[in-house]
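Shown next: input.txt, given as compact mmCIF, N, CA and C atoms.
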```txt
# COMPACT_ATOMS: atom_id res chain seq x y z
N MET H 1 -0.49 -19.69 10.19
CA MET H 1 -0.69 -18.92 11.41
C MET H 1 -1.22 -19.88 12.48
N SER H 2 -0.72 -19.71 13.67
CA SER H 2 -1.14 -20.59 14.76
C SER H 2 -2.61 -20.36 15.10
N GLU H 3 -3.20 -21.37 15.69
CA GLU H 3 -4.60 -21.27 16.09
C GLU H 3 -4.79 -20.17 17.12
N GLN H 4 -3.81 -20.01 18.00
CA GLN H 4 -3.86 -18.97 19.03
C GLN H 4 -3.97 -17.58 18.39
N CYS H 5 -3.16 -17.35 17.36
CA CYS H 5 -3.15 -16.03 16.72
C CYS H 5 -4.34 -15.82 15.79
N SER H 6 -4.83 -16.88 15.20
CA SER H 6 -5.93 -16.74 14.24
C SER H 6 -7.22 -16.28 14.89
N LYS H 7 -7.34 -16.45 16.21
CA LYS H 7 -8.55 -15.96 16.86
C LYS H 7 -8.56 -14.44 17.00
N TYR H 8 -7.46 -13.79 16.64
CA TYR H 8 -7.38 -12.34 16.68
C TYR H 8 -7.55 -11.75 15.28
N ARG H 9 -8.34 -12.42 14.47
CA ARG H 9 -8.66 -11.97 13.13
C ARG H 9 -10.17 -11.96 12.97
N VAL H 10 -10.67 -11.00 12.22
CA VAL H 10 -12.10 -10.93 11.93
C VAL H 10 -12.25 -11.02 10.42
N VAL H 11 -13.04 -11.97 9.96
CA VAL H 11 -13.26 -12.17 8.53
C VAL H 11 -14.60 -11.54 8.17
N ILE H 12 -14.54 -10.68 7.14
CA ILE H 12 -15.73 -10.01 6.64
C ILE H 12 -15.77 -10.26 5.14
N GLY H 13 -16.65 -11.12 4.71
CA GLY H 13 -16.70 -11.49 3.31
C GLY H 13 -15.38 -12.14 2.92
N GLU H 14 -14.69 -11.55 1.96
CA GLU H 14 -13.39 -12.07 1.53
C GLU H 14 -12.23 -11.35 2.19
N LYS H 15 -12.53 -10.39 3.05
CA LYS H 15 -11.48 -9.61 3.72
C LYS H 15 -11.22 -10.15 5.11
N THR H 16 -9.97 -10.05 5.53
CA THR H 16 -9.58 -10.43 6.88
C THR H 16 -8.92 -9.23 7.53
N ILE H 17 -9.39 -8.89 8.73
CA ILE H 17 -8.81 -7.77 9.47
C ILE H 17 -8.15 -8.35 10.71
N ASN H 18 -6.85 -8.12 10.83
CA ASN H 18 -6.11 -8.52 12.02
C ASN H 18 -6.33 -7.48 13.10
N ILE H 19 -6.59 -7.93 14.31
CA ILE H 19 -6.81 -7.00 15.42
C ILE H 19 -5.45 -6.64 16.01
N THR H 20 -4.85 -5.63 15.42
CA THR H 20 -3.55 -5.14 15.85
C THR H 20 -3.75 -3.96 16.80
N PRO H 21 -2.70 -3.53 17.49
CA PRO H 21 -2.86 -2.35 18.35
C PRO H 21 -3.36 -1.11 17.61
N SER H 22 -2.93 -0.91 16.38
CA SER H 22 -3.40 0.28 15.64
C SER H 22 -4.88 0.15 15.26
N ILE H 23 -5.34 -1.03 14.93
CA ILE H 23 -6.77 -1.25 14.65
C ILE H 23 -7.56 -1.04 15.93
N LEU H 24 -7.02 -1.50 17.04
CA LEU H 24 -7.69 -1.34 18.33
C LEU H 24 -7.83 0.14 18.69
N GLU H 25 -6.84 0.95 18.34
CA GLU H 25 -6.93 2.39 18.59
C GLU H 25 -8.06 3.02 17.77
N VAL H 26 -8.26 2.56 16.54
CA VAL H 26 -9.37 3.05 15.71
C VAL H 26 -10.70 2.64 16.35
N ILE H 27 -10.78 1.43 16.86
CA ILE H 27 -12.00 0.97 17.51
C ILE H 27 -12.29 1.81 18.75
N HIS H 28 -11.26 2.11 19.53
CA HIS H 28 -11.45 2.96 20.72
C HIS H 28 -11.95 4.34 20.31
N GLU H 29 -11.40 4.87 19.24
CA GLU H 29 -11.87 6.17 18.76
C GLU H 29 -13.35 6.09 18.38
N TYR H 30 -13.74 5.01 17.71
CA TYR H 30 -15.14 4.81 17.33
C TYR H 30 -16.03 4.72 18.57
N LEU H 31 -15.57 4.04 19.60
CA LEU H 31 -16.37 3.85 20.81
C LEU H 31 -16.53 5.12 21.64
N HIS H 32 -15.50 5.97 21.64
CA HIS H 32 -15.49 7.09 22.57
C HIS H 32 -15.74 8.45 21.94
N ARG H 33 -15.81 8.53 20.64
CA ARG H 33 -16.05 9.81 19.97
C ARG H 33 -17.14 9.64 18.93
N PRO H 34 -17.81 10.71 18.59
CA PRO H 34 -18.81 10.59 17.52
C PRO H 34 -18.13 10.21 16.20
N MET H 35 -18.48 9.06 15.68
CA MET H 35 -17.92 8.61 14.40
C MET H 35 -18.98 7.74 13.72
N SER H 36 -19.23 8.02 12.47
CA SER H 36 -20.21 7.22 11.74
C SER H 36 -19.56 5.91 11.27
N LEU H 37 -20.40 4.99 10.88
CA LEU H 37 -19.88 3.72 10.34
C LEU H 37 -19.14 3.95 9.03
N GLU H 38 -19.53 4.98 8.28
CA GLU H 38 -18.81 5.31 7.05
C GLU H 38 -17.37 5.73 7.35
N GLU H 39 -17.22 6.56 8.39
CA GLU H 39 -15.87 6.98 8.79
C GLU H 39 -15.06 5.79 9.30
N LEU H 40 -15.69 4.94 10.09
CA LEU H 40 -15.01 3.75 10.59
C LEU H 40 -14.56 2.87 9.44
N ALA H 41 -15.41 2.68 8.46
CA ALA H 41 -15.06 1.87 7.29
C ALA H 41 -13.84 2.45 6.58
N ALA H 42 -13.81 3.76 6.43
CA ALA H 42 -12.67 4.41 5.76
C ALA H 42 -11.39 4.20 6.56
N LYS H 43 -11.45 4.32 7.88
CA LYS H 43 -10.26 4.16 8.70
C LYS H 43 -9.77 2.72 8.75
N LEU H 44 -10.68 1.77 8.59
CA LEU H 44 -10.31 0.36 8.61
C LEU H 44 -9.95 -0.16 7.21
N GLY H 45 -10.15 0.67 6.19
CA GLY H 45 -9.86 0.25 4.83
C GLY H 45 -10.94 -0.63 4.24
N LEU H 46 -12.16 -0.46 4.74
CA LEU H 46 -13.30 -1.21 4.22
C LEU H 46 -14.03 -0.37 3.20
N GLU H 47 -14.88 -1.00 2.40
CA GLU H 47 -15.53 -0.28 1.31
C GLU H 47 -16.86 0.36 1.71
N THR H 48 -17.61 -0.29 2.60
CA THR H 48 -18.94 0.22 2.92
C THR H 48 -19.17 0.23 4.43
N TRP H 49 -20.20 0.98 4.84
CA TRP H 49 -20.55 1.00 6.25
C TRP H 49 -21.07 -0.36 6.70
N GLU H 50 -21.64 -1.15 5.76
CA GLU H 50 -22.13 -2.47 6.12
C GLU H 50 -20.98 -3.38 6.56
N GLU H 51 -19.82 -3.25 5.89
CA GLU H 51 -18.66 -4.04 6.29
C GLU H 51 -18.16 -3.60 7.67
N ALA H 52 -18.20 -2.30 7.94
CA ALA H 52 -17.79 -1.81 9.26
C ALA H 52 -18.75 -2.33 10.32
N TYR H 53 -20.02 -2.37 10.01
CA TYR H 53 -21.02 -2.90 10.95
C TYR H 53 -20.74 -4.38 11.22
N GLU H 54 -20.46 -5.16 10.19
CA GLU H 54 -20.14 -6.59 10.36
C GLU H 54 -18.87 -6.76 11.20
N PHE H 55 -17.90 -5.89 10.99
CA PHE H 55 -16.67 -5.96 11.77
C PHE H 55 -16.97 -5.75 13.26
N ILE H 56 -17.71 -4.69 13.58
CA ILE H 56 -18.04 -4.40 14.97
C ILE H 56 -18.87 -5.53 15.57
N LYS H 57 -19.75 -6.10 14.77
CA LYS H 57 -20.59 -7.19 15.24
C LYS H 57 -19.77 -8.46 15.53
N ASN H 58 -18.71 -8.69 14.76
CA ASN H 58 -17.95 -9.94 14.86
C ASN H 58 -16.69 -9.88 15.70
N ILE H 59 -16.24 -8.69 16.05
CA ILE H 59 -15.03 -8.60 16.87
C ILE H 59 -15.36 -9.07 18.29
N PRO H 60 -14.48 -9.85 18.91
CA PRO H 60 -14.76 -10.25 20.29
C PRO H 60 -14.91 -9.02 21.18
N GLY H 61 -16.01 -8.95 21.92
CA GLY H 61 -16.33 -7.78 22.73
C GLY H 61 -15.26 -7.42 23.74
N TRP H 62 -14.61 -8.41 24.33
CA TRP H 62 -13.62 -8.11 25.36
C TRP H 62 -12.41 -7.40 24.80
N THR H 63 -12.12 -7.59 23.50
CA THR H 63 -10.95 -6.92 22.92
C THR H 63 -11.18 -5.43 22.75
N MET H 64 -12.43 -5.03 22.53
CA MET H 64 -12.71 -3.61 22.28
C MET H 64 -12.42 -2.73 23.48
N TRP H 65 -12.43 -3.29 24.67
CA TRP H 65 -12.26 -2.50 25.88
C TRP H 65 -10.86 -2.61 26.46
N MET H 66 -9.99 -3.37 25.80
CA MET H 66 -8.63 -3.53 26.29
C MET H 66 -7.76 -2.37 25.78
N PRO H 67 -6.96 -1.74 26.64
CA PRO H 67 -6.06 -0.67 26.18
C PRO H 67 -5.08 -1.23 25.13
N SER H 68 -4.75 -0.41 24.15
CA SER H 68 -3.89 -0.88 23.05
C SER H 68 -2.49 -1.28 23.53
N THR H 69 -1.98 -0.64 24.58
CA THR H 69 -0.66 -1.03 25.09
C THR H 69 -0.72 -2.42 25.72
N LEU H 70 -1.78 -2.70 26.43
CA LEU H 70 -1.95 -4.03 27.02
C LEU H 70 -2.17 -5.07 25.93
N TRP H 71 -2.90 -4.67 24.88
CA TRP H 71 -3.12 -5.57 23.74
C TRP H 71 -1.79 -5.90 23.07
N ARG H 72 -0.94 -4.91 22.89
CA ARG H 72 0.38 -5.13 22.28
C ARG H 72 1.18 -6.14 23.12
N ARG H 73 1.16 -5.97 24.43
CA ARG H 73 1.90 -6.89 25.31
C ARG H 73 1.34 -8.31 25.22
N LYS H 74 0.03 -8.44 25.16
CA LYS H 74 -0.61 -9.75 25.05
C LYS H 74 -0.18 -10.42 23.75
N LEU H 75 -0.20 -9.68 22.65
CA LEU H 75 0.20 -10.25 21.36
C LEU H 75 1.68 -10.63 21.36
N GLU H 76 2.52 -9.79 21.96
CA GLU H 76 3.95 -10.11 22.06
C GLU H 76 4.18 -11.37 22.87
N LYS H 77 3.50 -11.48 23.99
CA LYS H 77 3.65 -12.63 24.87
C LYS H 77 3.25 -13.93 24.17
N GLU H 78 2.20 -13.85 23.36
CA GLU H 78 1.70 -15.04 22.65
C GLU H 78 2.42 -15.27 21.33
N GLY H 79 3.33 -14.37 20.95
CA GLY H 79 4.07 -14.51 19.70
C GLY H 79 3.25 -14.18 18.47
N CYS H 80 2.22 -13.38 18.65
CA CYS H 80 1.32 -13.07 17.54
C CYS H 80 1.56 -11.69 16.94
N LEU H 81 2.30 -10.84 17.60
CA LEU H 81 2.43 -9.45 17.13
C LEU H 81 3.03 -9.40 15.72
N GLU H 82 4.08 -10.13 15.48
CA GLU H 82 4.71 -10.12 14.14
C GLU H 82 3.84 -10.81 13.10
N LEU H 83 3.09 -11.83 13.51
CA LEU H 83 2.25 -12.56 12.57
C LEU H 83 1.04 -11.74 12.12
N LEU H 84 0.57 -10.85 12.98
CA LEU H 84 -0.61 -10.05 12.67
C LEU H 84 -0.26 -8.67 12.12
N LYS H 85 1.02 -8.40 11.97
CA LYS H 85 1.48 -7.08 11.54
C LYS H 85 0.79 -6.68 10.24
N GLU H 86 0.48 -5.38 10.15
CA GLU H 86 -0.18 -4.87 8.94
C GLU H 86 0.76 -4.87 7.77
```
Show me, as structure tokens, the structure contained in the file I just sent.
Amino acid sequence: MSEQCSKYRVVIGEKTINITPSILEVIHEYLHRPMSLEELAAKLGLETWEEAYEFIKNIPGWTMWMPSTLWRRKLEKEGCLELLKE
């Protein structure tokens, strides 16, 4: 994976989460609606709320506020969308 695309990944322990448009939509839901860290962990496929907390702590802050459609375009432009696909 290119260095450009690898910066759109968050490593939590032995797990790696790619920041895809669908993951970004889950983050937006977490930010704008009442959702516990347990629920966030379940939606992200993590095992515990501690992993969800580490994910939120380690994700670049500017990505959390970007609309998912704009995020998709950015990834397409940089050639990362297919590389980060779930």
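Of the listed residues H:Trp49, H:Ile59, H:His32, H:Glu25, the one whose atoms come nearest to Arg9 (chain H) is H:Ile59, with distances taken using all atoms listed in the file.
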Gap from atom C of Tyr53 (chain H) to CA of Thr16 (chain H) - Å, one decimal: 13.4 Å
So which residues touch region 67-71 of chain H within 6 Å, counting all atoms listed in the file, skipping near sequence neighbours fewer than 4 positions away, as a PyMOL selection string? chain H and resi 21+24-25+75-76
Could you give me, as a PyMOL selection string, the residues that have an atom at most 10 Å away from the point (-12.9, 2.3, 17.2) in the coordinates of the file, using only C-alpha atoms? chain H and resi 22-33+35+37+40+43-44+56+64-65
Rounded to one decimal place, report the CA of Lys15 (chain H)-atom C of Glu54 (chain H) distance in Å.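 Separating CA of Lys15 (chain H) from atom C of Glu54 (chain H) is a distance of 10.9 Å.
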Residues of region 21-66 of chain H in helix (DSSP H, G or I), written as a PyMOL selection string: chain H and resi 21-32+37-44+49-58+61-64
Hey, what does DSSP flag as strand (DSSP E) within chain H? Can you give it to me as a PyMOL selection string? chain H and resi 9-12+15-18
Ranking H:Cys80, H:Ala41, H:Ala52, H:Met66 by minimum distance to Cys5 (chain H) and counting all atoms listed in the file, which one comes first? H:Cys80
Atom N of Thr20 (chain H) to atom N of Leu46 (chain H), straight-line distance in Å: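 Atom-to-atom, atom N of Leu46 (chain H) and atom N of Thr20 (chain H) are spaced 13.9 Å apart.
Of the listed residues H:Ser36, H:Glu47, H:Ala42, H:Pro60, the one whose atoms come nearest to Glu14 (chain H) is H:Glu47, with distances taken using only C-alpha atoms.
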